[in-house]
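S.K.: Below is the file start00.cif, with mmCIF, C-alpha atoms, pLDDT in the B column; chains and numbers go by the auth columns.
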data_upload
loop_
_atom_site.group_PDB
_atom_site.id
_atom_site.type_symbol
_atom_site.label_atom_id
_atom_site.label_comp_id
_atom_site.label_asym_id
_atom_site.label_seq_id
_atom_site.Cartn_x
_atom_site.Cartn_y
_atom_site.Cartn_z
_atom_site.B_iso_or_equiv
_atom_site.auth_seq_id
_atom_site.auth_asym_id
ATOM 1 C CA MET A 1 111.033 101.605 119.051 89.00 112 A
ATOM 2 C CA GLU A 2 107.293 102.012 118.551 95.00 113 A
ATOM 3 C CA SER A 3 105.116 99.034 119.447 96.00 114 A
ATOM 4 C CA GLU A 4 103.486 97.277 116.522 97.00 115 A
ATOM 5 C CA PRO A 5 100.027 98.768 115.849 96.00 116 A
ATOM 6 C CA ALA A 6 97.045 96.479 115.279 95.00 117 A
ATOM 7 C CA LEU A 7 96.751 97.839 111.737 95.00 118 A
ATOM 8 C CA ALA A 8 99.986 96.039 110.795 97.00 119 A
ATOM 9 C CA ALA A 9 98.433 92.559 110.978 97.00 120 A
ATOM 10 C CA GLU A 10 95.460 93.781 108.958 96.00 121 A
ATOM 11 C CA LEU A 11 97.632 95.200 106.161 97.00 122 A
ATOM 12 C CA PHE A 12 100.260 92.454 105.970 98.00 123 A
ATOM 13 C CA GLY A 13 98.123 89.404 106.745 97.00 124 A
ATOM 14 C CA GLU A 14 100.137 86.197 106.408 97.00 125 A
ATOM 15 C CA ARG A 15 103.292 88.240 105.773 97.00 126 A
ATOM 16 C CA ILE A 16 103.206 89.947 109.164 98.00 127 A
ATOM 17 C CA ASP A 17 106.257 87.994 110.355 98.00 128 A
ATOM 18 C CA ALA A 18 108.239 89.244 107.346 98.00 129 A
ATOM 19 C CA ALA A 19 106.998 92.782 108.072 98.00 130 A
ATOM 20 C CA ARG A 20 108.288 92.460 111.627 98.00 131 A
ATOM 21 C CA ARG A 21 111.656 91.284 110.329 98.00 132 A
ATOM 22 C CA TYR A 22 111.723 94.231 107.967 98.00 133 A
ATOM 23 C CA ALA A 23 110.948 96.674 110.807 98.00 134 A
ATOM 24 C CA HIS A 24 113.955 95.313 112.682 98.00 135 A
ATOM 25 C CA HIS A 25 116.325 96.336 109.872 98.00 136 A
ATOM 26 C CA PRO A 26 115.726 100.120 109.758 97.00 137 A
ATOM 27 C CA ALA A 27 115.565 100.132 113.571 97.00 138 A
ATOM 28 C CA THR A 28 119.071 98.629 113.800 97.00 139 A
ATOM 29 C CA THR A 29 121.377 98.658 110.772 97.00 140 A
ATOM 30 C CA GLY A 30 119.218 101.320 109.113 97.00 141 A
ATOM 31 C CA VAL A 31 120.128 103.731 111.905 97.00 142 A
ATOM 32 C CA GLU A 32 123.753 102.556 112.013 97.00 143 A
ATOM 33 C CA TRP A 33 124.159 103.053 108.255 97.00 144 A
ATOM 34 C CA GLY A 34 122.426 106.449 108.299 96.00 145 A
ATOM 35 C CA LEU A 35 119.327 105.463 106.315 96.00 146 A
ATOM 36 C CA ILE A 36 116.921 106.546 109.024 96.00 147 A
ATOM 37 C CA GLY A 37 117.330 108.910 111.949 96.00 148 A
ATOM 38 C CA PRO A 38 117.170 107.513 115.494 96.00 149 A
ATOM 39 C CA ARG A 39 114.455 110.043 116.347 96.00 150 A
ATOM 40 C CA GLU A 40 112.174 108.275 113.881 96.00 151 A
ATOM 41 C CA LEU A 41 112.145 105.007 115.852 97.00 152 A
ATOM 42 C CA PRO A 42 109.248 106.012 118.163 96.00 153 A
ATOM 43 C CA ARG A 43 107.065 106.336 115.052 96.00 154 A
ATOM 44 C CA LEU A 44 108.717 103.799 112.757 97.00 155 A
ATOM 45 C CA TRP A 45 105.590 101.697 112.264 97.00 156 A
ATOM 46 C CA THR A 46 102.938 104.397 111.879 96.00 157 A
ATOM 47 C CA ARG A 47 104.859 107.196 110.165 95.00 158 A
ATOM 48 C CA HIS A 48 107.000 105.073 107.889 97.00 159 A
ATOM 49 C CA ILE A 49 106.087 101.396 107.404 98.00 160 A
ATOM 50 C CA LEU A 50 102.295 101.595 107.606 98.00 161 A
ATOM 51 C CA ASN A 51 102.246 105.047 106.026 97.00 162 A
ATOM 52 C CA CYS A 52 103.624 103.270 102.947 98.00 163 A
ATOM 53 C CA ALA A 53 101.751 99.984 103.230 98.00 164 A
ATOM 54 C CA VAL A 54 98.312 101.641 102.988 98.00 165 A
ATOM 55 C CA VAL A 55 99.201 102.631 99.412 98.00 166 A
ATOM 56 C CA ALA A 56 98.943 98.945 98.465 98.00 167 A
ATOM 57 C CA GLU A 57 95.264 99.445 97.659 97.00 168 A
ATOM 58 C CA LEU A 58 96.366 101.524 94.652 98.00 169 A
ATOM 59 C CA ILE A 59 98.543 98.703 93.290 98.00 170 A
ATOM 60 C CA ALA A 60 96.929 96.192 90.915 97.00 171 A
ATOM 61 C CA PRO A 61 97.835 92.517 90.400 96.00 172 A
ATOM 62 C CA ASP A 62 100.733 92.108 87.971 95.00 173 A
ATOM 63 C CA ASP A 63 101.755 95.777 88.176 98.00 174 A
ATOM 64 C CA VAL A 64 105.451 96.401 87.660 98.00 175 A
ATOM 65 C CA VAL A 65 106.346 99.017 90.250 98.00 176 A
ATOM 66 C CA GLY A 66 109.469 101.168 90.135 98.00 177 A
ATOM 67 C CA ASP A 67 110.269 102.682 93.546 98.00 178 A
ATOM 68 C CA VAL A 68 112.329 105.808 92.906 98.00 179 A
ATOM 69 C CA GLY A 69 114.948 106.822 95.471 97.00 180 A
ATOM 70 C CA SER A 70 114.059 103.777 97.542 98.00 181 A
ATOM 71 C CA GLY A 71 116.544 104.522 100.329 97.00 182 A
ATOM 72 C CA ALA A 72 115.453 102.408 103.295 97.00 183 A
ATOM 73 C CA GLY A 73 113.008 100.546 101.057 98.00 184 A
ATOM 74 C CA LEU A 74 110.171 103.013 101.524 98.00 185 A
ATOM 75 C CA PRO A 75 107.592 102.616 100.132 98.00 186 A
ATOM 76 C CA GLY A 76 108.749 99.668 98.006 98.00 187 A
ATOM 77 C CA ILE A 77 109.324 96.982 100.636 98.00 188 A
ATOM 78 C CA PRO A 78 106.117 97.586 102.664 98.00 189 A
ATOM 79 C CA LEU A 79 104.195 97.556 99.375 98.00 190 A
ATOM 80 C CA ALA A 80 105.861 94.313 98.317 98.00 191 A
ATOM 81 C CA LEU A 81 104.869 92.748 101.637 98.00 192 A
ATOM 82 C CA ALA A 82 101.297 94.051 101.535 98.00 193 A
ATOM 83 C CA ARG A 83 100.737 93.389 97.825 98.00 194 A
ATOM 84 C CA ALA A 84 102.836 90.414 96.753 97.00 195 A
ATOM 85 C CA ASP A 85 101.011 89.812 93.461 97.00 196 A
ATOM 86 C CA ALA A 86 102.906 92.666 91.797 98.00 197 A
ATOM 87 C CA ARG A 87 106.600 93.016 90.924 98.00 198 A
ATOM 88 C CA TYR A 88 108.874 95.697 92.358 98.00 199 A
ATOM 89 C CA VAL A 89 112.129 97.357 91.356 98.00 200 A
ATOM 90 C CA LEU A 90 113.861 99.377 94.077 98.00 201 A
ATOM 91 C CA ILE A 91 115.761 102.169 92.315 98.00 202 A
ATOM 92 C CA GLU A 92 118.541 103.742 94.366 98.00 203 A
ATOM 93 C CA PRO A 93 121.684 105.561 93.161 97.00 204 A
ATOM 94 C CA MET A 94 123.774 105.381 96.352 97.00 205 A
ATOM 95 C CA GLU A 95 125.973 102.275 96.610 97.00 206 A
ATOM 96 C CA ARG A 96 125.762 102.028 100.405 97.00 207 A
ATOM 97 C CA ARG A 97 121.971 102.109 100.346 98.00 208 A
ATOM 98 C CA VAL A 98 121.881 99.538 97.546 98.00 209 A
ATOM 99 C CA GLU A 99 124.081 97.247 99.629 98.00 210 A
ATOM 100 C CA TRP A 100 121.716 97.666 102.593 98.00 211 A
ATOM 101 C CA LEU A 101 118.630 96.980 100.476 98.00 212 A
ATOM 102 C CA ARG A 102 120.150 93.795 99.084 98.00 213 A
ATOM 103 C CA MET A 103 121.037 92.635 102.582 97.00 214 A
ATOM 104 C CA VAL A 104 117.451 93.207 103.727 98.00 215 A
ATOM 105 C CA LEU A 105 115.949 91.469 100.694 97.00 216 A
ATOM 106 C CA ASP A 106 118.213 88.458 101.255 96.00 217 A
ATOM 107 C CA ASP A 107 116.759 88.170 104.745 97.00 218 A
ATOM 108 C CA LEU A 108 113.124 88.688 103.705 97.00 219 A
ATOM 109 C CA GLU A 109 113.301 86.336 100.694 94.00 220 A
ATOM 110 C CA LEU A 110 111.112 88.372 98.352 96.00 221 A
ATOM 111 C CA PRO A 111 111.592 86.917 94.858 96.00 222 A
ATOM 112 C CA HIS A 112 109.270 89.516 93.327 98.00 223 A
ATOM 113 C CA VAL A 113 111.584 92.383 94.355 98.00 224 A
ATOM 114 C CA ARG A 114 114.917 93.404 92.842 98.00 225 A
ATOM 115 C CA VAL A 115 117.281 96.331 93.308 98.00 226 A
ATOM 116 C CA VAL A 116 118.715 98.501 90.542 98.00 227 A
ATOM 117 C CA ARG A 117 121.499 100.927 91.289 98.00 228 A
ATOM 118 C CA GLY A 118 120.989 104.143 89.359 97.00 229 A
ATOM 119 C CA ARG A 119 118.743 107.127 88.803 97.00 230 A
ATOM 120 C CA VAL A 120 115.345 106.676 87.243 97.00 231 A
ATOM 121 C CA GLU A 121 116.170 109.064 84.412 95.00 232 A
ATOM 122 C CA GLU A 122 119.032 106.731 83.429 96.00 233 A
ATOM 123 C CA LEU A 123 116.672 103.759 83.007 97.00 234 A
ATOM 124 C CA VAL A 124 114.586 105.057 80.094 95.00 235 A
ATOM 125 C CA ASP A 125 115.994 102.528 77.620 92.00 236 A
ATOM 126 C CA ASP A 126 116.078 99.630 80.095 95.00 237 A
ATOM 127 C CA GLU A 127 112.908 99.641 82.195 97.00 238 A
ATOM 128 C CA VAL A 128 109.177 100.250 81.671 97.00 239 A
ATOM 129 C CA PHE A 129 106.824 100.425 84.639 98.00 240 A
ATOM 130 C CA THR A 130 103.065 100.375 85.047 98.00 241 A
ATOM 131 C CA VAL A 131 103.502 102.269 88.332 98.00 242 A
ATOM 132 C CA VAL A 132 106.243 104.496 89.708 98.00 243 A
ATOM 133 C CA THR A 133 106.262 105.345 93.416 98.00 244 A
ATOM 134 C CA ALA A 134 108.226 108.036 95.223 98.00 245 A
ATOM 135 C CA ARG A 135 108.306 109.164 98.850 97.00 246 A
ATOM 136 C CA ALA A 136 110.295 112.131 100.113 88.00 247 A
ATOM 137 C CA VAL A 137 112.020 112.448 96.730 92.00 248 A
ATOM 138 C CA LYS A 138 112.086 115.909 95.142 92.00 249 A
ATOM 139 C CA SER A 139 109.129 118.114 94.243 96.00 250 A
ATOM 140 C CA LEU A 140 106.244 116.832 92.154 97.00 251 A
ATOM 141 C CA ALA A 141 107.422 118.947 89.202 97.00 252 A
ATOM 142 C CA VAL A 142 110.814 117.217 89.220 97.00 253 A
ATOM 143 C CA LEU A 143 109.284 113.778 89.754 97.00 254 A
ATOM 144 C CA VAL A 144 107.051 114.218 86.713 97.00 255 A
ATOM 145 C CA GLU A 145 110.041 115.088 84.517 97.00 256 A
ATOM 146 C CA TRP A 146 112.092 112.177 85.864 97.00 257 A
ATOM 147 C CA CYS A 147 109.422 109.480 85.959 97.00 258 A
ATOM 148 C CA ALA A 148 107.082 110.074 83.007 97.00 259 A
ATOM 149 C CA PRO A 149 109.592 108.660 80.466 97.00 260 A
ATOM 150 C CA VAL A 150 109.636 105.231 82.181 98.00 261 A
ATOM 151 C CA LEU A 151 105.844 104.904 82.448 98.00 262 A
ATOM 152 C CA GLY A 152 104.188 102.581 79.970 96.00 263 A
ATOM 153 C CA PRO A 153 100.818 103.293 78.315 95.00 264 A
ATOM 154 C CA GLY A 154 98.269 104.082 81.007 95.00 265 A
ATOM 155 C CA GLY A 155 101.039 104.017 83.623 98.00 266 A
ATOM 156 C CA ARG A 156 100.682 105.850 86.909 98.00 267 A
ATOM 157 C CA LEU A 157 102.936 107.943 89.108 98.00 268 A
ATOM 158 C CA LEU A 158 102.078 107.597 92.807 98.00 269 A
ATOM 159 C CA ALA A 159 103.783 110.419 94.691 98.00 270 A
ATOM 160 C CA LEU A 160 103.493 110.168 98.474 97.00 271 A
ATOM 161 C CA LYS A 161 103.228 113.732 99.721 94.00 272 A
ATOM 162 C CA GLY A 162 102.330 115.613 102.871 88.00 273 A
ATOM 163 C CA ALA A 163 100.073 118.575 103.505 88.00 274 A
ATOM 164 C CA SER A 164 101.790 120.531 100.710 90.00 275 A
ATOM 165 C CA VAL A 165 100.449 118.259 97.964 94.00 276 A
ATOM 166 C CA ASP A 166 97.953 120.789 96.562 94.00 277 A
ATOM 167 C CA ALA A 167 100.588 123.522 96.337 95.00 278 A
ATOM 168 C CA GLU A 168 102.990 121.117 94.612 96.00 279 A
ATOM 169 C CA ILE A 169 100.344 120.209 92.066 97.00 280 A
ATOM 170 C CA GLU A 170 99.804 123.879 91.214 97.00 281 A
ATOM 171 C CA LYS A 171 103.537 124.404 90.714 97.00 282 A
ATOM 172 C CA ALA A 172 103.818 121.283 88.539 97.00 283 A
ATOM 173 C CA ARG A 173 100.975 122.019 86.098 97.00 284 A
ATOM 174 C CA LYS A 174 103.306 122.922 83.235 97.00 285 A
ATOM 175 C CA GLN A 175 105.432 119.793 83.687 97.00 286 A
ATOM 176 C CA ILE A 176 102.320 117.599 83.981 98.00 287 A
ATOM 177 C CA ARG A 177 100.910 118.970 80.739 97.00 288 A
ATOM 178 C CA ARG A 178 104.249 118.642 78.930 97.00 289 A
ATOM 179 C CA ALA A 179 104.626 115.019 80.092 97.00 290 A
ATOM 180 C CA LYS A 180 101.116 114.209 78.789 96.00 291 A
ATOM 181 C CA LEU A 181 99.863 113.110 82.181 97.00 292 A
ATOM 182 C CA GLU A 182 96.363 113.676 83.487 97.00 293 A
ATOM 183 C CA LEU A 183 95.938 116.120 86.360 93.00 294 A
ATOM 184 C CA PRO A 184 96.436 114.328 89.678 96.00 295 A
ATOM 185 C CA VAL A 185 93.828 112.667 91.809 97.00 296 A
ATOM 186 C CA VAL A 186 94.756 113.027 95.492 97.00 297 A
ATOM 187 C CA HIS A 187 94.019 110.044 97.741 97.00 298 A
ATOM 188 C CA GLU A 188 93.987 110.198 101.538 96.00 299 A
ATOM 189 C CA LEU A 189 94.680 106.723 102.877 96.00 300 A
ATOM 190 C CA GLY A 190 94.970 105.119 106.298 94.00 301 A
ATOM 191 C CA SER A 191 92.834 107.519 108.296 87.00 302 A
ATOM 192 C CA PRO A 192 91.754 107.296 111.080 89.00 303 A
ATOM 193 C CA PRO A 193 93.996 104.369 112.212 89.00 304 A
ATOM 194 C CA LEU A 194 97.197 106.196 111.237 90.00 305 A
ATOM 195 C CA GLY A 195 96.133 109.550 112.652 86.00 306 A
ATOM 196 C CA ILE A 196 97.842 111.535 109.904 89.00 307 A
ATOM 197 C CA PRO A 197 96.650 110.113 106.571 93.00 308 A
ATOM 198 C CA THR A 198 98.969 109.207 103.730 96.00 309 A
ATOM 199 C CA ARG A 199 98.392 111.656 100.875 96.00 310 A
ATOM 200 C CA VAL A 200 99.123 110.276 97.447 97.00 311 A
ATOM 201 C CA ALA A 201 99.025 112.271 94.225 97.00 312 A
ATOM 202 C CA GLU A 202 98.160 109.828 91.417 98.00 313 A
ATOM 203 C CA LEU A 203 99.015 110.960 87.903 98.00 314 A
ATOM 204 C CA ARG A 204 98.068 108.750 84.967 97.00 315 A
ATOM 205 C CA ARG A 205 99.568 108.752 81.499 94.00 316 A
ATOM 206 C CA ARG A 206 96.985 109.748 78.899 89.00 317 A
#
Any chance you could give the structure as structure tokens?
M.R.:
Amino acid sequence: MESEPALAAELFGERIDAARRYAHHPATTGVEWGLIGPRELPRLWTRHILNCAVVAELIAPDDVVGDVGSGAGLPGIPLALARADARYVLIEPMERRVEWLRMVLDDLELPHVRVVRGRVEELVDDEVFTVVTARAVKSLAVLVEWCAPVLGPGGRLLALKGASVDAEIEKARKQIRRAKLELPVVHELGSPPLGIPTRVAELRRR
């Protein structure tokens, strides 16, 4: 497993011990349960945990954050550790992953985080978020259709994307317009410490 980078202590501050405990979970049971591939362990901190944690600067106090397709808790759990003055809902449809997330949260003792089993499009009548996050979940066009209905007034979709973000935005223009979202602002976060920056497309409800 990758050694802990110096950036981790900077991002997590007094919660660095909890972040270390979290890192232990995907590196062990996360691999055993098939939530993360063993080849990802040499870059677990930089490519996964810190890649998500740098997005915390886009989260405001008292935001209610829905993390779509949370899987191994990415980006929701690193965000909850780095920005504990917001509330988080980890949304995951697969029972096995939900069980794993609940096990991890029991260990980390994060009262501002809860898990909901389901798909975000099923939560329209039950949940309203100020922010929705998604990492490695579908194209931007699909995310806009799924997530816009659960965004409150002025709510934001934060889609963590790679180098293809500009092309995805072009393909999603029709869906963005139909969902009454503003055209995305693309943030590049975490560079140079991370090497490869985290690219986040931020779409705000008009």
S.K.: List the residues matched by the PyMOL selection byres ((chain A and resi 158-171) around 6) in the displayed structure as number ranges by chain, ordered by chain and then by residue number.
M.R.: A: 154-157, 172, 174, 186, 189-190, 194, 301, 309
S.K.: Using all atoms listed in the file, find the one residue out of A:Ala193, A:Val248, A:Leu305, A:Val239 that sits nearest to Ala117 in chain A.
M.R.: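 Checking each candidate against Ala117 in chain A, we get A:Leu305 as the closest.
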S.K.: May I ask for the distance between CA of Ile280 in chain A and CA of Val253 in chain A, given in Å to one decimal place?
M.R.: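 For CA of Ile280 in chain A relative to CA of Val253 in chain A, the distance reads 11.3 Å.
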S.K.: Using only C-alpha atoms, find the one residue out of A:Asp277, A:His136, A:Leu262, A:Arg230 that sits nearest to Leu216 in chain A.
M.R.: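 Going through A:Asp277, A:His136, A:Leu262, A:Arg230 one by one, the smallest distance to Leu216 in chain A is for A:His136.
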S.K.: Which residue is closest to Ala120 in chain A? Choose from A:Val224, A:Leu212, A:Leu192, A:Val276 and count only C-alpha atoms.
M.R.: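 Checking each candidate against Ala120 in chain A, we get A:Leu192 as the closest.
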S.K.: Out of A:Leu314, A:Val200, A:Val296, A:Ala259, which residue has the shortest atom-to-atom distance to Val176 in chain A when counting all atoms listed in the file?
M.R.: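 Of the candidates, the smallest distance to Val176 in chain A is held by A:Val200.
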S.K.: Counting only C-alpha atoms, which residue out of A:Pro116, A:Gly177, A:Gly187, A:Pro153 sits closest to Gly263 in chain A?
M.R.: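 Once distances to Gly263 in chain A are computed over only C-alpha atoms, the minimum belongs to A:Gly177.
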S.K.: Evaluate the PyMOL selection byres ((chain A and resi 272) around 8) here and jot the selected residues down as a list in words.
M.R.: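 When the PyMOL selection byres ((chain A and resi 272) around 8) is applied, the selected residues are Arg246, Ala247, Ala270, Leu271, Gly273, Ala274, Ser275, Val276, Thr309, Arg310, Val311 and Ala312 of chain A.
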S.K.: Would you compute the distance between CA of Asp218 in chain A and CA of Ala197 in chain A? Give it in Å to one decimal.
M.R.: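 According to the coordinates, CA of Asp218 in chain A and CA of Ala197 in chain A are separated by 19.5 Å.
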S.K.: Report as a list in words the full result of the PyMOL selection byres ((chain A and resi 207) around 12) when it is applied to this structure.
M.R.: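 On the file shown, the PyMOL selection byres ((chain A and resi 207) around 12) covers Thr140, Gly141, Glu143, Trp144, Gly145, Leu146, Gly182, Ala183, Glu203, Pro204, Met205, Glu206, Arg208, Val209, Glu210, Trp211, Leu212, Arg213, Met214 and Arg228 of chain A.
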S.K.: What is the CA of Ser181 in chain A-CA of Pro149 in chain A distance in Å, reported with one decimal?
M.R.: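 One can read the CA of Ser181 in chain A to CA of Pro149 in chain A distance as 18.6 Å.
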S.K.: What would range 288-298 of chain A look like with all heavy atoms restored, written as a PDB file, in the frame of the given file?
M.R.:
ATOM      1  N   ARG A 288     101.459 118.818  82.090  1.00 97.00           N
ATOM      2  CA  ARG A 288     100.910 118.970  80.739  1.00 97.00           C
ATOM      3  C   ARG A 288     101.937 118.549  79.694  1.00 97.00           C
ATOM      4  O   ARG A 288     101.618 117.833  78.742  1.00 97.00           O
ATOM      5  CB  ARG A 288     100.478 120.426  80.534  1.00 97.00           C
ATOM      6  CG  ARG A 288      99.750 120.687  79.219  1.00 97.00           C
ATOM      7  CD  ARG A 288      99.115 122.064  79.210  1.00 97.00           C
ATOM      8  NE  ARG A 288     100.067 123.119  79.492  1.00 97.00           N
ATOM      9  CZ  ARG A 288     100.096 123.834  80.616  1.00 97.00           C
ATOM     10  NH1 ARG A 288      99.212 123.595  81.588  1.00 97.00           N
ATOM     11  NH2 ARG A 288     100.995 124.781  80.802  1.00 97.00           N
ATOM     12  N   ARG A 289     103.195 118.966  79.885  1.00 97.00           N
ATOM     13  CA  ARG A 289     104.249 118.642  78.930  1.00 97.00           C
ATOM     14  C   ARG A 289     104.507 117.142  78.877  1.00 97.00           C
ATOM     15  O   ARG A 289     104.816 116.587  77.817  1.00 97.00           O
ATOM     16  CB  ARG A 289     105.537 119.381  79.328  1.00 97.00           C
ATOM     17  CG  ARG A 289     106.687 119.208  78.334  1.00 97.00           C
ATOM     18  CD  ARG A 289     107.957 119.850  78.878  1.00 97.00           C
ATOM     19  NE  ARG A 289     107.753 121.245  79.190  1.00 97.00           N
ATOM     20  CZ  ARG A 289     108.350 121.876  80.197  1.00 97.00           C
ATOM     21  NH1 ARG A 289     109.154 121.221  81.014  1.00 97.00           N
ATOM     22  NH2 ARG A 289     108.123 123.164  80.401  1.00 97.00           N
ATOM     23  N   ALA A 290     104.379 116.462  80.025  1.00 97.00           N
ATOM     24  CA  ALA A 290     104.626 115.019  80.092  1.00 97.00           C
ATOM     25  C   ALA A 290     103.431 114.192  79.627  1.00 97.00           C
ATOM     26  O   ALA A 290     103.490 112.957  79.629  1.00 97.00           O
ATOM     27  CB  ALA A 290     104.982 114.625  81.520  1.00 97.00           C
ATOM     28  N   LYS A 291     102.338 114.876  79.261  1.00 96.00           N
ATOM     29  CA  LYS A 291     101.116 114.209  78.789  1.00 96.00           C
ATOM     30  C   LYS A 291     100.540 113.277  79.849  1.00 96.00           C
ATOM     31  O   LYS A 291     100.134 112.140  79.573  1.00 96.00           O
ATOM     32  CB  LYS A 291     101.384 113.454  77.484  1.00 96.00           C
ATOM     33  CG  LYS A 291     101.797 114.381  76.336  1.00 96.00           C
ATOM     34  CD  LYS A 291     102.014 113.618  75.040  1.00 96.00           C
ATOM     35  CE  LYS A 291     102.412 114.586  73.924  1.00 96.00           C
ATOM     36  NZ  LYS A 291     102.655 113.898  72.637  1.00 96.00           N
ATOM     37  N   LEU A 292     100.511 113.800  81.079  1.00 97.00           N
ATOM     38  CA  LEU A 292      99.863 113.110  82.181  1.00 97.00           C
ATOM     39  C   LEU A 292      98.557 113.815  82.509  1.00 97.00           C
ATOM     40  O   LEU A 292      98.428 115.029  82.319  1.00 97.00           O
ATOM     41  CB  LEU A 292     100.756 113.089  83.425  1.00 97.00           C
ATOM     42  CG  LEU A 292     102.133 112.430  83.301  1.00 97.00           C
ATOM     43  CD1 LEU A 292     102.883 112.560  84.614  1.00 97.00           C
ATOM     44  CD2 LEU A 292     102.010 110.971  82.900  1.00 97.00           C
ATOM     45  N   GLU A 293      97.602 113.064  83.022  1.00 97.00           N
ATOM     46  CA  GLU A 293      96.363 113.676  83.487  1.00 97.00           C
ATOM     47  C   GLU A 293      96.626 114.416  84.792  1.00 97.00           C
ATOM     48  O   GLU A 293      97.550 114.088  85.538  1.00 97.00           O
ATOM     49  CB  GLU A 293      95.304 112.594  83.708  1.00 97.00           C
ATOM     50  CG  GLU A 293      94.890 111.863  82.436  1.00 97.00           C
ATOM     51  CD  GLU A 293      93.891 110.757  82.713  1.00 97.00           C
ATOM     52  OE1 GLU A 293      93.529 110.556  83.895  1.00 97.00           O
ATOM     53  OE2 GLU A 293      93.478 110.099  81.746  1.00 97.00           O
ATOM     54  N   LEU A 294      95.801 115.422  85.086  1.00 93.00           N
ATOM     55  CA  LEU A 294      95.938 116.120  86.360  1.00 93.00           C
ATOM     56  C   LEU A 294      95.734 115.136  87.507  1.00 93.00           C
ATOM     57  O   LEU A 294      94.945 114.190  87.404  1.00 93.00           O
ATOM     58  CB  LEU A 294      94.933 117.255  86.458  1.00 93.00           C
ATOM     59  CG  LEU A 294      95.261 118.509  85.626  1.00 93.00           C
ATOM     60  CD1 LEU A 294      94.143 119.522  85.731  1.00 93.00           C
ATOM     61  CD2 LEU A 294      96.582 119.126  86.095  1.00 93.00           C
ATOM     62  N   PRO A 295      96.437 115.327  88.605  1.00 96.00           N
ATOM     63  CA  PRO A 295      96.436 114.328  89.678  1.00 96.00           C
ATOM     64  C   PRO A 295      95.089 114.180  90.370  1.00 96.00           C
ATOM     65  O   PRO A 295      94.316 115.131  90.498  1.00 96.00           O
ATOM     66  CB  PRO A 295      97.475 114.876  90.666  1.00 96.00           C
ATOM     67  CG  PRO A 295      98.278 115.863  89.903  1.00 96.00           C
ATOM     68  CD  PRO A 295      97.374 116.428  88.865  1.00 96.00           C
ATOM     69  N   VAL A 296      94.863 112.956  90.822  1.00 97.00           N
ATOM     70  CA  VAL A 296      93.828 112.667  91.809  1.00 97.00           C
ATOM     71  C   VAL A 296      94.554 112.470  93.137  1.00 97.00           C
ATOM     72  O   VAL A 296      95.540 111.728  93.201  1.00 97.00           O
ATOM     73  CB  VAL A 296      93.050 111.392  91.434  1.00 97.00           C
ATOM     74  CG1 VAL A 296      92.070 111.021  92.543  1.00 97.00           C
ATOM     75  CG2 VAL A 296      92.339 111.569  90.110  1.00 97.00           C
ATOM     76  N   VAL A 297      94.104 113.147  94.185  1.00 97.00           N
ATOM     77  CA  VAL A 297      94.756 113.027  95.492  1.00 97.00           C
ATOM     78  C   VAL A 297      93.963 112.074  96.372  1.00 97.00           C
ATOM     79  O   VAL A 297      92.764 112.269  96.605  1.00 97.00           O
ATOM     80  CB  VAL A 297      94.894 114.401  96.175  1.00 97.00           C
ATOM     81  CG1 VAL A 297      95.531 114.242  97.561  1.00 97.00           C
ATOM     82  CG2 VAL A 297      95.736 115.340  95.318  1.00 97.00           C
ATOM     83  N   HIS A 298      94.627 111.030  96.845  1.00 97.00           N
ATOM     84  CA  HIS A 298      94.019 110.044  97.741  1.00 97.00           C
ATOM     85  C   HIS A 298      94.500 110.308  99.166  1.00 97.00           C
ATOM     86  O   HIS A 298      95.675 110.603  99.380  1.00 97.00           O
ATOM     87  CB  HIS A 298      94.417 108.623  97.354  1.00 97.00           C
ATOM     88  CG  HIS A 298      94.104 108.266  95.936  1.00 97.00           C
ATOM     89  ND1 HIS A 298      92.890 107.753  95.543  1.00 97.00           N
ATOM     90  CD2 HIS A 298      94.866 108.336  94.805  1.00 97.00           C
ATOM     91  CE1 HIS A 298      92.903 107.521  94.237  1.00 97.00           C
ATOM     92  NE2 HIS A 298      94.088 107.860  93.768  1.00 97.00           N
TER      93      HIS A 298
END
